[in-house]
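A.B. asks: File name data-v2.tsv; file contents TSV, C-alpha atoms; full text below.
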```
chain	number	residue	atom	x	y	z
Y	240	MET	CA	-13.29	-15.21	18.45
Y	241	SER	CA	-15.09	-16.86	21.34
Y	242	GLU	CA	-12.96	-17.49	24.41
Y	243	ALA	CA	-13.66	-18.69	27.94
Y	244	PHE	CA	-14.35	-16.12	30.64
Y	245	THR	CA	-11.29	-15.13	32.63
Y	246	PRO	CA	-10.89	-12.97	35.75
Y	247	ASP	CA	-9.25	-10.37	33.49
Y	248	ASP	CA	-12.63	-9.80	31.85
Y	249	ALA	CA	-13.81	-7.77	34.82
Y	250	VAL	CA	-10.59	-5.76	34.90
Y	251	ASN	CA	-10.57	-5.09	31.17
Y	252	ARG	CA	-14.24	-4.21	30.91
Y	253	ILE	CA	-14.93	-0.92	29.14
Y	254	PRO	CA	-16.51	1.48	31.66
Y	255	ILE	CA	-20.10	2.66	31.23
Y	256	ILE	CA	-20.58	5.89	33.19
Y	257	LYS	CA	-24.04	7.24	33.98
Y	258	LEU	CA	-24.18	10.99	33.36
Y	259	TRP	CA	-27.66	12.36	34.12
Y	260	HIS	CA	-29.90	10.81	31.44
Y	261	LEU	CA	-26.94	9.65	29.36
Y	262	LEU	CA	-24.41	6.83	29.38
Y	263	LEU	CA	-20.80	7.80	28.66
Y	264	VAL	CA	-18.44	5.16	27.26
Y	265	PRO	CA	-14.77	6.18	27.04
Y	266	ILE	CA	-12.78	3.65	25.01
Y	267	GLN	CA	-9.01	3.60	25.40
Y	268	GLY	CA	-6.21	1.92	23.47
Y	269	HIS	CA	-6.83	-1.33	21.66
Y	270	ILE	CA	-10.06	-3.18	22.40
Y	271	THR	CA	-10.72	-6.83	21.78
Y	272	ASP	CA	-13.79	-8.40	20.24
Y	273	ARG	CA	-14.65	-9.80	23.67
Y	274	GLN	CA	-14.59	-6.34	25.23
Y	275	LEU	CA	-16.86	-5.01	22.48
Y	276	ASP	CA	-19.29	-7.89	22.95
Y	277	GLN	CA	-19.34	-7.22	26.70
Y	278	LEU	CA	-19.88	-3.54	26.02
Y	279	SER	CA	-22.83	-4.26	23.75
Y	280	GLU	CA	-24.56	-6.42	26.34
Y	281	GLY	CA	-23.64	-4.12	29.23
Y	282	LEU	CA	-24.88	-0.99	27.50
Y	283	LEU	CA	-28.27	-2.43	26.65
Y	284	ASN	CA	-28.68	-3.65	30.25
Y	285	ARG	CA	-27.75	-0.20	31.56
Y	286	ILE	CA	-30.26	1.49	29.23
Y	287	HIS	CA	-32.91	-0.85	30.56
Y	288	GLU	CA	-31.92	-0.19	34.21
Y	289	THR	CA	-31.45	3.58	34.00
Y	290	GLY	CA	-33.85	4.67	31.26
Y	291	ALA	CA	-30.97	6.49	29.58
Y	292	THR	CA	-32.01	8.30	26.41
Y	293	GLY	CA	-28.56	8.76	24.93
Y	294	ILE	CA	-25.16	7.12	24.65
Y	295	VAL	CA	-21.88	8.91	24.04
Y	296	ILE	CA	-19.04	6.70	22.85
Y	297	ASP	CA	-15.76	8.60	23.13
Y	298	VAL	CA	-13.08	7.03	20.92
Y	299	THR	CA	-10.43	9.70	21.53
Y	300	GLY	CA	-8.15	7.08	23.08
Y	301	MET	CA	-8.58	4.43	20.38
Y	302	TRP	CA	-5.72	3.89	17.97
Y	303	LEU	CA	-7.44	1.47	15.62
Y	304	ILE	CA	-10.95	1.06	14.27
Y	305	ASP	CA	-11.39	-1.63	11.63
Y	306	SER	CA	-14.38	-2.97	9.70
Y	307	HIS	CA	-15.39	-5.33	12.50
Y	308	THR	CA	-15.31	-2.56	15.11
Y	309	CYS	CA	-17.43	-0.37	12.80
Y	310	ALA	CA	-19.95	-3.16	12.38
Y	311	LEU	CA	-20.18	-3.77	16.14
Y	312	LEU	CA	-20.54	-0.08	16.98
Y	313	SER	CA	-23.31	0.21	14.40
Y	314	ARG	CA	-25.06	-2.82	15.87
Y	315	ILE	CA	-24.85	-1.32	19.35
Y	316	ALA	CA	-26.37	1.91	18.04
Y	317	THR	CA	-29.16	0.05	16.25
Y	318	SER	CA	-30.03	-1.96	19.36
Y	319	ALA	CA	-29.90	1.17	21.53
Y	320	ARG	CA	-32.20	2.99	19.12
Y	321	LEU	CA	-34.72	0.15	19.42
Y	322	MET	CA	-34.65	0.82	23.18
Y	323	GLY	CA	-35.17	4.55	22.66
Y	324	ALA	CA	-31.58	5.77	23.10
Y	325	ARG	CA	-29.60	7.74	20.53
Y	326	THR	CA	-25.90	7.02	20.08
Y	327	VAL	CA	-23.29	9.69	19.39
Y	328	LEU	CA	-19.66	8.83	18.74
Y	329	CYS	CA	-17.00	11.47	19.30
Y	330	GLY	CA	-13.25	11.95	19.31
Y	331	MET	CA	-12.32	10.10	16.13
Y	332	SER	CA	-8.79	10.96	15.02
Y	333	PRO	CA	-8.18	12.32	11.51
Y	334	GLU	CA	-6.08	9.24	10.69
Y	335	ILE	CA	-8.85	6.82	11.62
Y	336	ALA	CA	-11.50	8.89	9.81
Y	337	LEU	CA	-9.42	9.06	6.61
Y	338	THR	CA	-8.62	5.35	6.75
Y	339	LEU	CA	-12.28	4.36	7.18
Y	340	GLN	CA	-13.23	6.71	4.36
Y	341	SER	CA	-10.60	5.17	2.06
Y	342	MET	CA	-11.95	1.72	2.89
Y	343	GLY	CA	-15.48	2.81	2.08
Y	344	LEU	CA	-16.62	2.09	5.63
Y	345	ASP	CA	-19.36	3.99	7.37
Y	346	LEU	CA	-21.07	3.93	10.75
Y	347	PRO	CA	-24.77	3.69	9.95
Y	348	GLU	CA	-27.11	4.56	12.83
Y	349	VAL	CA	-24.27	6.39	14.63
Y	350	LYS	CA	-24.22	10.18	14.75
Y	351	THR	CA	-20.70	11.55	15.04
Y	352	GLU	CA	-19.35	14.72	16.66
Y	353	LEU	CA	-15.82	16.04	16.80
Y	354	THR	CA	-15.58	16.49	20.57
Y	355	LEU	CA	-17.12	15.14	23.75
Y	356	GLU	CA	-18.51	18.60	24.48
Y	357	GLU	CA	-20.38	18.69	21.17
Y	358	ALA	CA	-21.66	15.16	21.69
Y	359	LEU	CA	-23.07	16.08	25.12
Y	360	LEU	CA	-24.64	19.27	23.74
Y	361	GLY	CA	-26.20	17.23	20.93
Y	362	LEU	CA	-27.84	14.94	23.48
Y	363	GLY	CA	-29.39	17.72	25.52
Y	364	ILE	CA	-26.67	18.68	28.00
Y	365	GLU	CA	-26.16	22.42	27.94
Y	366	SER	CA	-23.63	24.77	29.45
Y	367	LYS	CA	-25.04	27.20	32.04
Y	368	SER	CA	-23.40	29.77	34.31
Y	369	ALA	CA	-23.57	28.85	38.00
Y	370	SER	CA	-24.56	32.42	38.90
Y	371	GLN	CA	-24.43	35.93	37.49
Y	372	GLU	CA	-21.41	36.79	39.65
Y	373	ASP	CA	-19.60	33.58	38.96
Y	374	ASP	CA	-18.72	33.42	35.30
Y	375	GLU	CA	-17.62	29.80	35.51
Y	376	SER	CA	-19.85	27.63	33.36
Y	377	TRP	CA	-21.14	24.15	34.16
Y	378	LEU	CA	-22.67	21.42	32.12
Y	379	LEU	CA	-26.24	20.69	33.09
Y	380	PRO	CA	-29.00	18.60	31.60
Y	381	SER	CA	-31.37	20.89	29.72
Y	382	ARG	CA	-35.01	20.95	30.83
S	200	MET	CA	-2.72	-7.88	19.08
S	201	ASP	CA	1.00	-8.76	18.91
S	202	ALA	CA	0.90	-8.41	15.13
S	203	LEU	CA	-0.67	-4.98	15.45
S	204	LEU	CA	1.88	-3.75	17.97
S	205	ALA	CA	4.75	-5.19	15.92
S	206	THR	CA	3.45	-3.46	12.80
S	207	ARG	CA	3.07	-0.18	14.62
S	208	SER	CA	6.59	-0.45	16.04
S	209	LEU	CA	8.00	-1.25	12.59
S	210	CYS	CA	6.28	1.81	11.12
S	211	GLN	CA	7.53	4.03	13.92
S	212	GLU	CA	11.09	2.75	13.52
S	213	GLN	CA	10.93	3.59	9.82
S	214	GLY	CA	9.55	7.07	10.52
S	215	VAL	CA	6.30	6.37	8.68
S	216	ARG	CA	3.80	9.22	9.01
S	217	ALA	CA	0.73	8.79	11.19
S	218	LEU	CA	-1.87	8.36	8.43
S	219	VAL	CA	0.15	5.67	6.66
S	220	GLN	CA	0.78	3.92	10.00
S	221	GLN	CA	-2.98	3.89	10.52
S	222	ARG	CA	-3.64	2.41	7.09
S	223	VAL	CA	-0.97	-0.27	7.48
S	224	THR	CA	-2.10	-1.26	10.98
S	225	THR	CA	-5.73	-1.42	9.86
S	226	VAL	CA	-4.82	-3.72	6.96
S	227	VAL	CA	-2.91	-6.00	9.35
S	228	SER	CA	-5.93	-6.05	11.66
S	229	GLU	CA	-8.26	-6.99	8.81
S	230	LEU	CA	-5.98	-9.75	7.51
S	231	CYS	CA	-5.36	-11.21	10.98
S	232	ARG	CA	-9.05	-11.14	11.81
S	233	ASN	CA	-9.89	-13.10	8.67
S	234	ILE	CA	-7.45	-15.80	9.75
S	235	VAL	CA	-8.25	-15.92	13.47
S	236	ALA	CA	-12.02	-15.47	13.39
S	237	TYR	CA	-13.05	-17.32	10.26
S	238	THR	CA	-10.50	-20.08	9.59
S	239	PRO	CA	-8.79	-22.93	11.51
S	240	GLY	CA	-5.46	-21.14	11.24
S	241	GLY	CA	-2.83	-19.54	9.10
S	242	TYR	CA	-0.09	-16.95	9.17
S	243	LEU	CA	0.80	-13.42	8.15
S	244	GLU	CA	4.17	-12.46	6.68
S	245	LEU	CA	5.45	-8.90	6.52
S	246	GLU	CA	8.39	-7.85	4.41
S	247	LEU	CA	9.84	-4.36	4.27
S	248	LYS	CA	11.06	-3.40	0.79
S	249	GLN	CA	13.12	-0.45	-0.32
S	250	GLY	CA	13.02	1.96	-3.28
S	251	PRO	CA	10.31	3.18	-2.82
S	252	MET	CA	9.86	1.98	0.77
S	253	ARG	CA	6.85	-0.32	0.97
S	254	LEU	CA	5.44	-3.14	3.06
S	255	GLN	CA	4.62	-6.45	1.43
S	256	LEU	CA	2.04	-8.52	3.33
S	257	ARG	CA	1.05	-12.11	2.69
S	258	ALA	CA	-1.85	-13.64	4.64
S	259	VAL	CA	-2.31	-17.38	4.24
S	260	ASP	CA	-5.07	-19.41	5.86
S	261	ARG	CA	-6.19	-23.03	5.86
S	262	GLY	CA	-9.89	-22.25	5.64
S	263	THR	CA	-12.41	-23.57	3.15
S	264	GLY	CA	-12.15	-20.60	0.84
S	265	ILE	CA	-14.31	-17.56	0.21
S	266	GLY	CA	-17.32	-18.62	-1.84
S	267	ASN	CA	-18.72	-15.20	-2.58
S	268	LEU	CA	-15.48	-13.39	-3.43
S	269	PRO	CA	-16.81	-11.66	-6.59
S	270	GLU	CA	-19.67	-10.15	-4.57
S	271	ILE	CA	-17.26	-9.06	-1.83
S	272	LEU	CA	-14.82	-7.42	-4.22
S	273	ALA	CA	-17.68	-5.70	-6.03
S	274	GLY	CA	-18.91	-4.25	-2.71
S	275	ARG	CA	-22.26	-6.01	-2.98
S	276	TYR	CA	-21.80	-8.31	0.02
S	277	ARG	CA	-23.30	-7.21	3.34
S	278	SER	CA	-22.86	-8.93	6.70
S	279	LYS	CA	-23.65	-8.03	10.30
S	280	THR	CA	-20.11	-8.77	11.46
S	281	GLY	CA	-18.21	-6.72	8.91
S	282	LEU	CA	-17.12	-9.94	7.21
S	283	GLY	CA	-16.19	-9.15	3.63
S	284	ARG	CA	-15.83	-5.42	4.20
S	285	GLY	CA	-12.32	-6.00	5.55
S	286	ILE	CA	-11.14	-7.69	2.36
S	287	LEU	CA	-12.57	-4.96	0.16
S	288	GLY	CA	-11.20	-2.30	2.51
S	289	THR	CA	-7.75	-3.91	2.38
S	290	LYS	CA	-7.90	-3.87	-1.41
S	291	GLN	CA	-8.80	-0.20	-1.37
S	292	LEU	CA	-5.98	0.72	1.01
S	293	ALA	CA	-3.34	-1.32	-0.79
S	294	HIS	CA	-1.16	-0.14	-3.65
S	295	GLN	CA	-1.21	-3.68	-5.03
S	296	PHE	CA	-3.63	-6.44	-4.08
S	297	ASN	CA	-4.14	-10.04	-5.10
S	298	ILE	CA	-6.32	-12.77	-3.61
S	299	ALA	CA	-6.40	-16.46	-4.46
S	300	THR	CA	-9.02	-18.62	-2.76
S	301	GLY	CA	-10.04	-22.24	-2.99
S	302	PRO	CA	-11.30	-25.17	-0.88
S	303	SER	CA	-7.90	-25.59	0.79
S	304	GLY	CA	-7.42	-21.99	1.83
S	305	THR	CA	-6.93	-18.38	0.86
S	306	THR	CA	-3.82	-16.33	0.15
S	307	ILE	CA	-3.95	-12.55	0.13
S	308	ASP	CA	-1.01	-10.49	-1.08
S	309	ALA	CA	-1.11	-6.78	-0.41
S	310	GLU	CA	1.51	-4.11	-0.83
S	311	LEU	CA	1.33	-0.71	0.83
S	312	LEU	CA	3.56	2.24	0.10
S	313	LEU	CA	5.08	3.67	3.26
```
Written as structure tokens, how would this file's structure read?
C.D. replies:
Amino acid sequence: MSEAFTPDDAVNRIPIIKLWHLLLVPIQGHITDRQLDQLSEGLLNRIHETGATGIVIDVTGMWLIDSHTCALLSRIATSARLMGARTVLCGMSPEIALTLQSMGLDLPEVKTELTLEEALLGLGIESKSASQEDDESWLLPSR
Amino acid sequence: MDALLATRSLCQEQGVRALVQQRVTTVVSELCRNIVAYTPGGYLELELKQGPMRLQLRAVDRGTGIGNLPEILAGRYRSKTGLGRGILGTKQLAHQFNIATGPSGTTIDAELLL
């Protein structure tokens, strides 16, 4: 579905947030093929620029994942792996998971976690207390 | 996108549960993608039927047909874009499924129980 570039492309771009040595990608609502293509290119450029070693794709806000979306996410993960970054996808709803399973679809190359917290922990971010007196915990990159 | 929102609204109006809504919307996405991305054009018809409540979908395109349909339906076809997986996935989600393809286009009929 190739279309000409429009000013809306910049507005509708899926954000890529640098988080220590990771890149966090929160996806909301319905995404178009164009947005996914932009994401693919943008993520690989950001890995190259930042030296990120992991990508977290949070799909909590997505209400539809079809076969094409699965294929594109897997391709992103494969390309990222070639650049030395692991991809973890989190936040998939039970309805989407069951639908993909019924369709026989899978996400090869993509590790999945239930929550964003688990995804971050899986990529080396760990929870540490700020101090002995202060029981509040913080997420920090593990060393 | 309009087709997806319309389908979702229809399901919500009919009080369809979340998992079934997801399955129906995914099938509509797959059928629309086949038309928009891989053919010069076509249309999708949705018809709500009663007793038991079900959704009848008919996707018609003016493409050149699907040459490797037996491979696709047998799950042996692999593509980088997901092409083919959507048709098989639709078949697996549908209560009834029929596909007719030829050099002048493809018609897919799918029925989903709501």
A.B. asks: Taking 4 positions as the minimum chain separation for residues in the same chain, which residues sit within 8 Å of region 256-271 of chain S when counting all atoms listed in the file? Answer as a PyMOL selection string.
C.D. replies: chain S and resi 230-231+234+237-246+275-276+283-284+286-287+300-310
A.B. asks: For His294 (chain S), which of S:Leu272, S:Arg222, S:Ala205, S:Ala236 is the closest residue, counting all atoms listed in the file?
C.D. replies: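 The closest residue to His294 (chain S) is S:Arg222.
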A.B. asks: What are the residues of chain S lining chain Y at 10 Å or less? Count only C-alpha atoms, and put the answer as number ranges by chain.
C.D. replies: S: 200, 203-204, 217-229, 232, 235-237, 274, 278-293
A.B. asks: When you count all atoms listed in the file, which of these residues is closest to Ala324 (chain Y): Y:Leu283, Y:Leu378, Y:Val298, Y:Gly361?
C.D. replies: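 Closest to Ala324 (chain Y) of all the choices is Y:Leu283.
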A.B. asks: Residues near Gly323 (chain Y), anyone? I mean within 9 Å using only C-alpha atoms, not counting same-chain ones fewer than 5 positions away, as a list in words.
C.D. replies: Ile286, Gly290, Ala291, Thr292, Gly293 and Ser318 of chain Y
A.B. asks: So which residues touch Arg325 (chain Y) within 9 Å, counting only C-alpha atoms, skipping near sequence neighbours fewer than 4 positions away, as a short mmCIF file (atom, residue, chain, number, x, y, z; two decimals) with C-alpha atoms, in the frame of the given file?
C.D. replies:
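Result written to out_9.cif:
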```cif
data_model
loop_
_atom_site.label_atom_id
_atom_site.label_comp_id
_atom_site.auth_asym_id
_atom_site.auth_seq_id
_atom_site.Cartn_x
_atom_site.Cartn_y
_atom_site.Cartn_z
CA THR Y 292 -32.01 8.30 26.41
CA GLY Y 293 -28.56 8.76 24.93
CA ILE Y 294 -25.16 7.12 24.65
CA VAL Y 295 -21.88 8.91 24.04
CA ALA Y 316 -26.37 1.91 18.04
CA THR Y 317 -29.16 0.05 16.25
CA ALA Y 319 -29.90 1.17 21.53
CA ARG Y 320 -32.20 2.99 19.12
CA GLU Y 348 -27.11 4.56 12.83
CA VAL Y 349 -24.27 6.39 14.63
CA LYS Y 350 -24.22 10.18 14.75
CA LEU Y 362 -27.84 14.94 23.48
#
```
